[in-house]
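The structure file protein_27.tsv is reproduced below (TSV, C-alpha atoms and all ligand atoms).
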```tsv
chain	number	residue	atom	x	y	z
A	1	MET	CA	-9.13	-10.30	-31.09
A	2	ASN	CA	-8.42	-9.56	-34.76
A	3	ASN	CA	-7.15	-6.12	-33.88
A	4	PHE	CA	-4.96	-7.64	-31.19
A	5	LYS	CA	-3.41	-10.07	-33.66
A	6	LYS	CA	-2.74	-7.26	-36.15
A	7	GLN	CA	-1.18	-4.99	-33.53
A	8	CYS	CA	0.79	-7.87	-32.03
A	9	LEU	CA	2.33	-8.79	-35.35
A	10	ALA	CA	3.64	-5.26	-35.65
A	11	SER	CA	5.14	-5.40	-32.15
A	12	LYS	CA	7.70	-7.30	-30.09
A	13	LEU	CA	4.87	-9.64	-29.04
A	14	SER	CA	4.67	-11.22	-32.48
A	15	PRO	CA	6.42	-14.49	-31.40
A	16	ILE	CA	3.83	-15.13	-28.67
A	17	SER	CA	0.67	-13.78	-30.31
A	18	ASP	CA	-0.71	-17.15	-31.49
A	19	GLU	CA	-0.17	-18.74	-28.09
A	20	LEU	CA	-1.86	-15.83	-26.29
A	21	LEU	CA	-4.83	-16.02	-28.64
A	22	ASP	CA	-5.18	-19.81	-28.32
A	23	LEU	CA	-5.13	-19.57	-24.52
A	24	SER	CA	-7.65	-16.72	-24.60
A	25	ARG	CA	-10.05	-18.67	-26.80
A	26	GLN	CA	-9.84	-21.59	-24.38
A	27	ALA	CA	-10.55	-19.30	-21.43
A	28	LEU	CA	-13.62	-17.85	-23.15
A	29	ALA	CA	-14.95	-21.30	-24.05
A	30	VAL	CA	-15.79	-22.11	-20.41
A	31	ASN	CA	-19.32	-22.86	-19.35
A	32	ASN	CA	-20.31	-19.65	-17.58
A	33	GLY	CA	-24.06	-19.09	-17.23
A	34	ASN	CA	-23.63	-15.30	-17.36
A	35	ILE	CA	-22.09	-15.25	-20.83
A	36	PRO	CA	-25.42	-15.02	-22.74
A	37	LYS	CA	-26.39	-11.96	-20.63
A	38	TRP	CA	-22.99	-10.34	-21.20
A	39	GLU	CA	-23.08	-11.10	-24.94
A	40	ALA	CA	-26.58	-9.56	-25.15
A	41	ALA	CA	-25.25	-6.40	-23.47
A	42	ILE	CA	-22.37	-6.15	-25.96
A	43	ASN	CA	-24.76	-6.69	-28.89
A	44	GLU	CA	-26.96	-3.83	-27.73
A	45	ILE	CA	-23.93	-1.60	-27.18
A	46	LYS	CA	-22.88	-2.25	-30.79
A	47	SER	CA	-25.92	-0.24	-31.91
A	48	GLN	CA	-24.68	2.84	-30.01
A	49	PRO	CA	-22.64	5.54	-31.80
A	50	LYS	CA	-18.87	5.39	-31.38
A	51	GLY	CA	-16.66	8.27	-30.32
A	52	ASN	CA	-13.01	9.17	-29.80
A	53	ILE	CA	-11.44	8.45	-26.44
A	54	ASP	CA	-9.17	10.63	-24.34
A	55	TYR	CA	-8.35	11.12	-20.69
A	56	GLN	CA	-10.02	14.04	-18.95
A	57	ALA	CA	-9.27	13.25	-15.31
A	58	PRO	CA	-10.92	11.60	-13.55
A	59	TYR	CA	-12.73	10.17	-16.55
A	60	LEU	CA	-11.63	8.12	-19.50
A	61	THR	CA	-13.92	10.02	-21.82
A	62	ILE	CA	-15.56	8.78	-24.99
A	63	HIS	CA	-16.81	11.75	-26.99
A	64	HIS	CA	-19.89	11.27	-29.09
A	65	ALA	CA	-20.51	13.18	-32.28
A	66	GLN	CA	-24.12	11.99	-32.31
A	67	ASP	CA	-26.34	11.60	-29.29
A	68	ASN	CA	-26.36	8.12	-27.84
A	69	ASN	CA	-29.42	6.55	-26.33
A	70	ILE	CA	-28.39	7.05	-22.72
A	71	GLU	CA	-31.13	4.94	-21.20
A	72	ALA	CA	-30.44	1.92	-23.41
A	73	LEU	CA	-26.69	2.34	-22.95
A	74	GLN	CA	-26.97	2.55	-19.16
A	75	GLN	CA	-29.23	-0.51	-19.10
A	76	SER	CA	-26.75	-2.57	-21.14
A	77	LEU	CA	-23.73	-1.42	-19.15
A	78	LYS	CA	-25.58	-2.30	-15.96
A	79	LEU	CA	-25.91	-5.90	-17.17
A	80	LEU	CA	-22.12	-5.93	-16.75
A	81	MET	CA	-22.07	-4.79	-13.10
A	82	PRO	CA	-20.21	-4.53	-10.80
A	83	TRP	CA	-18.05	-1.79	-12.33
A	84	ARG	CA	-15.13	-1.72	-9.92
A	85	LYS	CA	-12.58	0.22	-11.99
A	86	GLY	CA	-12.98	3.49	-13.85
A	87	PRO	CA	-14.44	6.10	-13.95
A	88	TYR	CA	-15.59	6.48	-17.55
A	89	GLN	CA	-17.65	9.18	-19.23
A	90	ILE	CA	-19.48	7.95	-22.32
A	91	GLY	CA	-21.07	10.83	-24.19
A	92	ASP	CA	-23.39	12.32	-21.59
A	93	LEU	CA	-23.35	9.21	-19.39
A	94	PRO	CA	-20.94	9.19	-16.43
A	95	LEU	CA	-19.99	5.63	-15.41
A	96	ASP	CA	-18.83	6.20	-11.84
A	97	SER	CA	-17.10	3.02	-10.81
A	98	GLU	CA	-16.43	2.00	-7.22
A	99	TRP	CA	-12.79	3.10	-7.53
A	100	ARG	CA	-11.42	6.48	-8.63
A	101	GLY	CA	-8.63	4.96	-10.70
A	102	ASP	CA	-7.32	8.41	-11.61
A	103	LEU	CA	-6.09	8.90	-8.04
A	104	LYS	CA	-3.84	5.83	-8.32
A	105	TRP	CA	-2.66	6.91	-11.78
A	106	ASP	CA	-1.70	10.34	-10.35
A	107	ARG	CA	0.45	8.58	-7.75
A	108	VAL	CA	2.11	6.27	-10.30
A	109	LEU	CA	2.72	8.38	-13.40
A	110	PRO	CA	5.28	10.94	-12.10
A	111	HIS	CA	7.62	8.13	-11.02
A	112	ILE	CA	7.86	5.88	-14.08
A	113	GLN	CA	9.83	5.96	-17.30
A	114	PRO	CA	7.82	7.42	-20.21
A	115	LEU	CA	5.61	4.77	-21.80
A	116	LYS	CA	5.98	6.18	-25.32
A	117	GLY	CA	6.84	3.42	-27.76
A	118	LYS	CA	6.98	0.77	-25.01
A	119	THR	CA	5.61	-2.76	-24.94
A	120	VAL	CA	3.60	-2.76	-21.72
A	121	LEU	CA	2.00	-5.50	-19.63
A	122	ASP	CA	-0.75	-4.67	-17.12
A	123	VAL	CA	-1.16	-7.71	-14.88
A	124	GLY	CA	-4.62	-8.02	-13.30
A	125	SER	CA	-5.95	-5.24	-15.49
A	126	GLY	CA	-9.59	-5.47	-14.44
A	127	ASN	CA	-11.69	-3.86	-17.16
A	128	GLY	CA	-8.68	-2.11	-18.69
A	129	TYR	CA	-9.06	1.41	-17.25
A	130	PHE	CA	-5.31	1.63	-16.59
A	131	THR	CA	-4.47	-0.34	-19.74
A	132	TYR	CA	-6.19	2.41	-21.76
A	133	LEU	CA	-4.29	5.07	-19.84
A	134	MET	CA	-1.03	3.26	-20.66
A	135	ALA	CA	-1.93	3.15	-24.36
A	136	LEU	CA	-3.02	6.81	-24.33
A	137	ALA	CA	0.34	7.65	-22.71
A	138	GLY	CA	1.93	6.40	-25.95
A	139	ALA	CA	2.68	2.70	-25.37
A	140	GLU	CA	3.21	0.89	-28.66
A	141	ILE	CA	1.03	-1.85	-27.24
A	142	ALA	CA	-0.51	-2.15	-23.76
A	143	LEU	CA	-1.63	-5.67	-22.96
A	144	GLY	CA	-3.83	-6.27	-19.93
A	145	VAL	CA	-4.28	-9.79	-18.59
A	146	GLU	CA	-7.31	-10.45	-16.43
A	147	PRO	CA	-8.63	-13.94	-15.61
A	148	PHE	CA	-12.03	-12.74	-14.35
A	149	LEU	CA	-14.28	-13.00	-17.43
A	150	LEU	CA	-16.77	-10.26	-16.52
A	151	PHE	CA	-14.00	-7.66	-16.58
A	152	ASN	CA	-13.01	-8.85	-20.09
A	153	TYR	CA	-16.61	-8.22	-21.20
A	154	GLN	CA	-16.51	-4.77	-19.61
A	155	PHE	CA	-13.35	-4.04	-21.61
A	156	GLN	CA	-15.10	-5.22	-24.76
A	157	ALA	CA	-18.12	-3.00	-23.99
A	158	ILE	CA	-15.93	0.07	-23.69
A	159	GLN	CA	-13.90	-0.85	-26.76
A	160	THR	CA	-17.11	-1.28	-28.78
A	161	LEU	CA	-17.90	2.39	-28.08
A	162	ILE	CA	-14.54	3.76	-29.29
A	163	ASN	CA	-13.60	5.03	-32.74
A	164	ASN	CA	-10.04	4.02	-33.63
A	165	PRO	CA	-9.32	2.49	-30.20
A	166	PRO	CA	-5.79	3.02	-28.87
A	167	ASN	CA	-3.48	0.00	-28.74
A	168	ALA	CA	-4.90	-1.37	-25.50
A	169	PHE	CA	-6.05	-4.97	-25.19
A	170	VAL	CA	-7.30	-7.17	-22.37
A	171	LEU	CA	-7.06	-10.95	-22.61
A	172	PRO	CA	-8.66	-13.46	-20.20
A	173	LEU	CA	-5.35	-14.79	-18.93
A	174	LYS	CA	-3.29	-15.07	-15.78
A	175	LEU	CA	0.28	-13.85	-15.56
A	176	GLU	CA	1.38	-17.48	-15.21
A	177	GLN	CA	0.03	-18.21	-18.70
A	178	ILE	CA	2.17	-15.62	-20.46
A	179	PRO	CA	5.01	-17.36	-22.32
A	180	GLU	CA	8.23	-17.04	-20.33
A	181	LYS	CA	9.99	-14.60	-22.66
A	182	PRO	CA	11.47	-11.23	-21.67
A	183	LEU	CA	9.41	-9.16	-24.13
A	184	PHE	CA	7.87	-6.35	-22.05
A	185	ASP	CA	9.63	-3.02	-21.44
A	186	THR	CA	7.32	-2.03	-18.58
A	187	VAL	CA	5.27	-4.35	-16.40
A	188	PHE	CA	2.57	-3.17	-13.98
A	189	SER	CA	1.32	-5.36	-11.13
A	190	MET	CA	-1.18	-3.19	-9.30
A	191	GLY	CA	-3.49	-4.62	-6.64
A	192	VAL	CA	-2.48	-8.18	-7.48
A	193	LEU	CA	0.35	-9.30	-5.15
A	194	TYR	CA	-1.83	-9.65	-2.04
A	195	HIS	CA	-4.12	-12.02	-3.95
A	196	GLN	CA	-1.21	-14.44	-4.59
A	197	LYS	CA	-0.65	-17.47	-2.38
A	198	ASP	CA	3.01	-17.44	-3.40
A	199	HIS	CA	4.20	-13.83	-3.49
A	200	LEU	CA	7.83	-14.64	-4.41
A	201	LEU	CA	6.68	-16.73	-7.35
A	202	HIS	CA	4.56	-13.79	-8.58
A	203	LEU	CA	7.58	-11.46	-8.36
A	204	GLN	CA	9.74	-14.00	-10.22
A	205	GLN	CA	7.12	-14.37	-12.95
A	206	LEU	CA	6.96	-10.59	-13.34
A	207	LYS	CA	10.74	-10.57	-13.74
A	208	THR	CA	10.69	-13.38	-16.30
A	209	VAL	CA	8.45	-11.48	-18.73
A	210	LEU	CA	10.32	-8.19	-18.25
A	211	ALA	CA	13.01	-7.25	-20.78
A	212	GLU	CA	16.58	-6.68	-19.55
A	213	GLY	CA	16.70	-3.10	-18.17
A	214	GLY	CA	12.88	-2.98	-18.12
A	215	GLU	CA	10.82	-1.44	-15.33
A	216	LEU	CA	8.40	-3.01	-12.87
A	217	ILE	CA	5.71	-0.96	-11.15
A	218	LEU	CA	4.40	-2.86	-8.15
A	219	GLU	CA	1.46	-1.51	-6.20
A	220	THR	CA	0.09	-3.47	-3.27
A	221	LEU	CA	-1.36	-3.34	0.22
A	222	ILE	CA	1.22	-2.83	2.96
A	223	ILE	CA	1.31	-2.37	6.73
A	224	ASP	CA	3.25	0.10	8.86
A	225	GLU	CA	6.49	-1.24	10.39
A	226	LYS	CA	4.97	-1.02	13.88
A	227	TYR	CA	2.77	-4.03	13.01
A	228	GLY	CA	5.82	-6.22	12.24
A	229	GLU	CA	7.35	-7.67	9.07
A	230	GLN	CA	4.11	-8.94	7.60
A	231	ILE	CA	0.59	-9.94	8.46
A	232	ILE	CA	-0.93	-13.09	7.01
A	233	PRO	CA	-4.66	-12.63	7.60
A	234	GLN	CA	-6.12	-15.73	9.26
A	235	GLU	CA	-9.49	-15.22	7.66
A	236	ARG	CA	-10.83	-12.19	5.83
A	237	TYR	CA	-9.14	-8.86	5.36
A	238	ALA	CA	-11.47	-5.87	4.86
A	239	LYS	CA	-14.12	-8.54	4.12
A	240	MET	CA	-11.99	-9.97	1.26
A	241	ARG	CA	-11.46	-13.73	1.40
A	242	ASN	CA	-8.45	-13.92	-0.87
A	243	VAL	CA	-5.81	-11.75	0.79
A	244	TRP	CA	-2.67	-13.74	1.51
A	245	CYS	CA	0.05	-11.29	2.53
A	246	LEU	CA	0.37	-7.77	3.90
A	247	PRO	CA	4.10	-6.97	4.12
A	248	SER	CA	5.73	-3.87	5.57
A	249	THR	CA	7.51	-1.73	2.97
A	250	ASN	CA	10.89	-2.99	4.31
A	251	THR	CA	9.75	-6.58	3.88
A	252	LEU	CA	8.48	-5.88	0.38
A	253	HIS	CA	11.81	-4.24	-0.49
A	254	THR	CA	13.57	-7.44	0.64
A	255	TRP	CA	11.20	-9.61	-1.42
A	256	LEU	CA	11.90	-7.50	-4.54
A	257	LYS	CA	15.63	-7.77	-3.89
A	258	LYS	CA	15.40	-11.53	-3.41
A	259	ALA	CA	13.51	-11.80	-6.69
A	260	GLY	CA	16.51	-10.10	-8.34
A	261	PHE	CA	15.22	-6.57	-9.03
A	262	LYS	CA	17.60	-3.58	-8.95
A	263	THR	CA	17.31	0.14	-8.09
A	264	ILE	CA	14.27	-0.58	-5.98
A	265	LYS	CA	12.49	2.65	-5.07
A	266	LEU	CA	9.51	3.18	-2.80
A	267	VAL	CA	7.75	6.12	-4.46
A	268	ASP	CA	4.44	6.36	-2.64
A	269	VAL	CA	2.52	5.19	0.43
A	270	THR	CA	-1.14	6.21	0.64
A	271	LYS	CA	-3.98	5.20	2.93
A	272	THR	CA	-7.09	4.26	0.95
A	273	THR	CA	-9.84	6.83	1.52
A	274	PRO	CA	-13.61	6.80	0.95
A	275	GLU	CA	-12.94	9.38	-1.78
A	276	GLU	CA	-10.98	6.72	-3.71
A	277	GLN	CA	-13.17	3.66	-2.97
A	278	ARG	CA	-16.88	4.18	-2.48
A	279	ALA	CA	-20.25	2.68	-3.28
A	280	THR	CA	-21.90	4.02	-6.44
A	281	HIS	CA	-24.98	2.83	-8.29
A	282	TRP	CA	-22.66	1.01	-10.73
A	283	ILE	CA	-21.63	-1.72	-8.29
A	284	GLY	CA	-24.92	-3.61	-8.23
A	285	ASP	CA	-26.88	-5.19	-5.41
A	286	ASN	CA	-23.98	-5.62	-3.00
A	287	THR	CA	-23.57	-1.98	-2.11
A	288	GLN	CA	-20.76	-2.40	0.41
A	289	SER	CA	-17.53	-0.50	-0.09
A	290	LEU	CA	-14.59	0.80	1.95
A	291	LYS	CA	-16.62	2.43	4.75
A	292	ASP	CA	-18.35	-0.92	5.41
A	293	PHE	CA	-14.98	-2.71	5.54
A	294	LEU	CA	-13.61	-0.48	8.32
A	295	ASP	CA	-14.20	-0.55	12.08
A	296	PRO	CA	-17.10	1.91	12.53
A	297	ASN	CA	-15.39	3.37	15.62
A	298	ASN	CA	-11.82	3.51	14.33
A	299	ASP	CA	-10.99	4.07	10.68
A	300	HIS	CA	-7.37	2.99	11.27
A	301	LEU	CA	-8.62	-0.60	11.58
A	302	THR	CA	-10.57	-2.93	9.35
A	303	ILE	CA	-13.76	-4.54	10.58
A	304	GLU	CA	-11.61	-7.59	11.50
A	305	GLY	CA	-9.32	-5.41	13.68
A	306	LEU	CA	-6.37	-5.42	11.25
A	307	PRO	CA	-4.62	-2.25	10.00
A	308	ALA	CA	-6.84	-0.38	7.53
A	309	PRO	CA	-5.89	-0.55	3.82
A	310	LYS	CA	-2.74	1.35	2.91
A	311	ARG	CA	-0.98	0.94	-0.42
A	312	ALA	CA	2.62	1.31	-1.52
A	313	ILE	CA	4.08	1.78	-4.98
A	314	PHE	CA	7.54	0.42	-5.74
A	315	VAL	CA	9.37	1.09	-9.00
A	316	CYS	CA	12.36	-1.11	-9.83
A	317	GLN	CA	14.46	-2.39	-12.72
A	318	LYS	CA	15.47	-5.80	-14.02
B	401	LIG	C1	-7.70	-5.64	-6.94
B	401	LIG	S1	-7.79	-5.91	-8.67
B	401	LIG	C2	-6.70	-4.67	-9.28
B	401	LIG	C3	-7.12	-4.09	-10.59
B	401	LIG	C4	-6.23	-2.97	-11.12
B	401	LIG	N1	-4.93	-3.49	-11.53
B	401	LIG	C5	-6.06	-1.89	-10.10
B	401	LIG	O1	-4.92	-1.62	-9.71
B	401	LIG	O2	-7.04	-1.27	-9.68
B	401	LIG	C6	-6.83	-7.39	-8.89
B	401	LIG	C7	-7.10	-8.10	-10.19
B	401	LIG	O3	-6.06	-9.03	-10.43
B	401	LIG	C8	-6.61	-10.19	-11.01
B	401	LIG	N2	-5.65	-11.29	-10.77
B	401	LIG	C9	-5.49	-12.02	-9.65
B	401	LIG	N3	-4.51	-12.93	-9.81
B	401	LIG	C10	-4.01	-12.75	-11.08
B	401	LIG	C11	-2.98	-13.39	-11.84
B	401	LIG	N4	-2.28	-14.39	-11.33
B	401	LIG	N5	-2.75	-12.95	-13.09
B	401	LIG	C12	-3.47	-11.92	-13.60
B	401	LIG	N6	-4.46	-11.30	-12.93
B	401	LIG	C13	-4.73	-11.69	-11.68
B	401	LIG	C14	-7.96	-10.34	-10.34
B	401	LIG	O4	-8.88	-11.09	-11.12
B	401	LIG	C15	-8.40	-8.89	-10.16
B	401	LIG	O5	-9.24	-8.43	-11.18
```
Render the structure in this file as structure tokens.
Amino acid sequence: MNNFKKQCLASKLSPISDELLDLSRQALAVNNGNIPKWEAAINEIKSQPKGNIDYQAPYLTIHHAQDNNIEALQQSLKLLMPWRKGPYQIGDLPLDSEWRGDLKWDRVLPHIQPLKGKTVLDVGSGNGYFTYLMALAGAEIALGVEPFLLFNYQFQAIQTLINNPPNAFVLPLKLEQIPEKPLFDTVFSMGVLYHQKDHLLHLQQLKTVLAEGGELILETLIIDEKYGEQIIPQERYAKMRNVWCLPSTNTLHTWLKKAGFKTIKLVDVTKTTPEEQRATHWIGDNTQSLKDFLDPNNDHLTIEGLPAPKRAIFVCQK
């Protein structure tokens, strides 16, 4: 967090840095029985050699000048399972996460304003795979916020292995905890909207933290128009308990307009494939992934009989 404070003070986030750090300390002070295990993993990882990071699709790659102890490293990183987002390559060790994040990045990057010199917010950053990509794309500072503590520890594990880490940070916060100041030039909300009980509130909060003229990149699950304006799953969706809304792209366009965004562009619609989301040995004991969430006889439907996961990317301005 020291690095974060230093980098923050040199950025537009200086006025909110103390508040972000106070809130983060409070979030980390919770009584979570897994923390000793996660701390032990990070302590072991500290004894591994560090290397420079770059992006060699699909991997965020950490190059090692010296050999690392692959077995010990793998064992420690596995204490931090499940690894949903990635993939990473650490020296000779490939960390093949459940998701091929590079495929989403390929769909996003051609459509957004250059990140060079920008103050960037990555809402629901997971372990920071995309946050690193944003920093490596030249952001002055890329701040990920992720309330799920394990993913914060995963970020820390990766950061521990990097020499001169880029200006990417992940804090254990929710979007709603970010001070309501328009400080970010680019805000990403990817894979987060469908987890919100109040989708319009989420869109308004994204707008509040976005600078005038800034850009929002919104990626979320959608349905084809033939299924209606939106589906509100009665129970689970693709075995997930916390999915609240699946709008059509027209409906989502209207929501963005209602929230006050301008020049709203739909830049991509892609069905999620087993190439992008699949079980690997980095996801732990629960080895289910996309293919287990779909109807075994019809991959256009989920196991619950709803339309199979399809994602849209909207880019719009404040
Ligand atoms: C499906 S993951 C998406 C991760 C990554 N952004 C991606 O696109 O692959 C959604 C993440 O958003 C986080 N999340 C949910 N509600 C949030 C909120 N209100 N503020 C910040 N993060 C949130 C969850 O903990 C989860 O890790």
* **Spatial sel., origin (-3.1, 4.9, -9.2), limit 12 Å, all atoms listed in the file, listed as a PyMOL selection string** => chain A and resi 58+85-86+99-111+129-131+133-134+188-191+217-220+267-270+272+276-277+311-313
What does the file look like for those residues with C-alpha atoms, as a tab-separated table (two decimals), in the frame of the given file?
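Saved to part-v2.tsv:
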```tsv
chain	number	residue	atom	x	y	z
A	58	PRO	CA	-10.92	11.60	-13.55
A	85	LYS	CA	-12.58	0.22	-11.99
A	86	GLY	CA	-12.98	3.49	-13.85
A	99	TRP	CA	-12.79	3.10	-7.53
A	100	ARG	CA	-11.42	6.48	-8.63
A	101	GLY	CA	-8.63	4.96	-10.70
A	102	ASP	CA	-7.32	8.41	-11.61
A	103	LEU	CA	-6.09	8.90	-8.04
A	104	LYS	CA	-3.84	5.83	-8.32
A	105	TRP	CA	-2.66	6.91	-11.78
A	106	ASP	CA	-1.70	10.34	-10.35
A	107	ARG	CA	0.45	8.58	-7.75
A	108	VAL	CA	2.11	6.27	-10.30
A	109	LEU	CA	2.72	8.38	-13.40
A	110	PRO	CA	5.28	10.94	-12.10
A	111	HIS	CA	7.62	8.13	-11.02
A	129	TYR	CA	-9.06	1.41	-17.25
A	130	PHE	CA	-5.31	1.63	-16.59
A	131	THR	CA	-4.47	-0.34	-19.74
A	133	LEU	CA	-4.29	5.07	-19.84
A	134	MET	CA	-1.03	3.26	-20.66
A	188	PHE	CA	2.57	-3.17	-13.98
A	189	SER	CA	1.32	-5.36	-11.13
A	190	MET	CA	-1.18	-3.19	-9.30
A	191	GLY	CA	-3.49	-4.62	-6.64
A	217	ILE	CA	5.71	-0.96	-11.15
A	218	LEU	CA	4.40	-2.86	-8.15
A	219	GLU	CA	1.46	-1.51	-6.20
A	220	THR	CA	0.09	-3.47	-3.27
A	267	VAL	CA	7.75	6.12	-4.46
A	268	ASP	CA	4.44	6.36	-2.64
A	269	VAL	CA	2.52	5.19	0.43
A	270	THR	CA	-1.14	6.21	0.64
A	272	THR	CA	-7.09	4.26	0.95
A	276	GLU	CA	-10.98	6.72	-3.71
A	277	GLN	CA	-13.17	3.66	-2.97
A	311	ARG	CA	-0.98	0.94	-0.42
A	312	ALA	CA	2.62	1.31	-1.52
A	313	ILE	CA	4.08	1.78	-4.98
```
* Asked: Could you state the separation of CA of Leu206 in chain A and CA of Phe148 in chain A in Å, given to one decimal place?
  -> 19.1 Å
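A distance search around ligand LIG 401 (chain B) (7 Å at most, only C-alpha atoms and all ligand atoms) returns the following protein and nucleic acid residues: Lys85, Gly101, Val123, Gly124, Ser125, Gly126, Val145, Glu146, Pro147, Phe148, Leu173, Lys174, Leu175, Glu176, Ser189, Met190, Gly191, Val192, His195 and Gln196 of chain A.
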Write the residues you've just listed into a file as a PDB file, in the coordinates of the input, and include C-alpha atoms for each of them.
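File out_31.pdb, as written:
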```pdb
ATOM      1  CA  LYS A  85     -12.580   0.220 -11.990  1.00  0.00           C
ATOM      2  CA  GLY A 101      -8.630   4.960 -10.700  1.00  0.00           C
ATOM      3  CA  VAL A 123      -1.160  -7.710 -14.880  1.00  0.00           C
ATOM      4  CA  GLY A 124      -4.620  -8.020 -13.300  1.00  0.00           C
ATOM      5  CA  SER A 125      -5.950  -5.240 -15.490  1.00  0.00           C
ATOM      6  CA  GLY A 126      -9.590  -5.470 -14.440  1.00  0.00           C
ATOM      7  CA  VAL A 145      -4.280  -9.790 -18.590  1.00  0.00           C
ATOM      8  CA  GLU A 146      -7.310 -10.450 -16.430  1.00  0.00           C
ATOM      9  CA  PRO A 147      -8.630 -13.940 -15.610  1.00  0.00           C
ATOM     10  CA  PHE A 148     -12.030 -12.740 -14.350  1.00  0.00           C
ATOM     11  CA  LEU A 173      -5.350 -14.790 -18.930  1.00  0.00           C
ATOM     12  CA  LYS A 174      -3.290 -15.070 -15.780  1.00  0.00           C
ATOM     13  CA  LEU A 175       0.280 -13.850 -15.560  1.00  0.00           C
ATOM     14  CA  GLU A 176       1.380 -17.480 -15.210  1.00  0.00           C
ATOM     15  CA  SER A 189       1.320  -5.360 -11.130  1.00  0.00           C
ATOM     16  CA  MET A 190      -1.180  -3.190  -9.300  1.00  0.00           C
ATOM     17  CA  GLY A 191      -3.490  -4.620  -6.640  1.00  0.00           C
ATOM     18  CA  VAL A 192      -2.480  -8.180  -7.480  1.00  0.00           C
ATOM     19  CA  HIS A 195      -4.120 -12.020  -3.950  1.00  0.00           C
ATOM     20  CA  GLN A 196      -1.210 -14.440  -4.590  1.00  0.00           C
TER      21      GLN A 196
END
```
* Structure fact -> One residue among A:Gln7, A:Thr186, A:Ser289, A:Ser97 is nearest to Trp83 in chain A when using all atoms listed in the file, and that residue is A:Ser97
For the interface of range 151-224 of chain A with range 251-264 of chain A (cut-off 8 Å, counting only C-alpha atoms), please tabulate each contacting residue of range 151-224 of chain A alongside its nearest pair of atoms and their separation in Å to one decimal, rows sorted by chain and increasing number, as JSON lines.
```
{"residue": "A:Leu200", "atom": "CA", "partner": "A:Ala259", "partner_atom": "CA", "distance": 6.7}
{"residue": "A:Leu203", "atom": "CA", "partner": "A:Ala259", "partner_atom": "CA", "distance": 6.2}
{"residue": "A:Gln204", "atom": "CA", "partner": "A:Ala259", "partner_atom": "CA", "distance": 5.6}
{"residue": "A:Lys207", "atom": "CA", "partner": "A:Phe261", "partner_atom": "CA", "distance": 7.6}
```
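Distances to Ile42 in chain A were evaluated for A:Val30, A:Leu73, A:Val120, A:Ile62 using all atoms listed in the file, and the minimum falls at A:Leu73.
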* Asked: Quick one: residues within 10 Å of Asn34 in chain A, only C-alpha atoms counted, chain neighbours fewer than 4 positions away excluded, as a list in words?
  -> Trp38, Glu39, Leu79, Leu80, Leu149 and Leu150 of chain A
Given the selection you just returned, output its residues as a file containing C-alpha atoms, formatted as a compact mmCIF listing (two decimals), keeping the file's coordinate frame.
```txt
# COMPACT_ATOMS: atom_id res chain seq x y z
CA TRP A 38 -22.99 -10.34 -21.20
CA GLU A 39 -23.08 -11.10 -24.94
CA LEU A 79 -25.91 -5.90 -17.17
CA LEU A 80 -22.12 -5.93 -16.75
CA LEU A 149 -14.28 -13.00 -17.43
CA LEU A 150 -16.77 -10.26 -16.52
```
* To do: For Asn43 in chain A, work out the shell of residues within 12 Å, counting only C-alpha atoms and skipping chain neighbours fewer than 2 positions away, then give it as a list in words.
  => Pro36, Lys37, Trp38, Glu39, Ala40, Ala41, Ile45, Lys46, Ser47, Gln48, Ala72, Leu73, Ser76, Leu77, Leu79, Tyr153, Gln156, Ala157, Thr160 and Leu161 of chain A
* Considering all atoms listed in the file, state which residue in the set A:Leu221, A:Leu210, A:Leu20, A:Leu93 is at the smallest distance from Phe169 in chain A. => A:Leu20
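Of the residues listed (A:Asp285, A:Ile158, A:Ala211, A:His202), A:Ala211 shows the shortest atom-to-atom separation from Leu183 in chain A; distances use all atoms listed in the file.
Separating CA of Asp295 in chain A from CA of Ala238 in chain A is a distance of 9.4 Å.
Residue nearest Ile70 in chain A, chosen from A:Val170, A:Ile232, A:Ile90, A:Cys8 and counting all atoms listed in the file: A:Ile90.
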* Counting all atoms listed in the file, write as a list in words all protein and nucleic acid residues lying at most 7 Å from (7.0, -15.5, -17.9) in the file's frame. => Glu176, Ile178, Pro179, Glu180, Lys181, Gln205, Leu206, Thr208 and Val209 of chain A
* Residues near Asp299 in chain A, cut-off 12 Å, all atoms listed in the file, skip fewer than 5 positions along chain, as a ChimeraX atom specification -> /A:238,271-274,290-294,304-310
* To do: Tell me, in Å to one decimal, how far CA of Glu229 in chain A is from CA of Lys318 in chain A.
  => 24.5 Å
* **Of the listed residues A:Lys50, A:Met81, A:Gly33, A:Glu44, that which approaches Thr280 in chain A most closely, counting all atoms listed in the file** => A:Met81
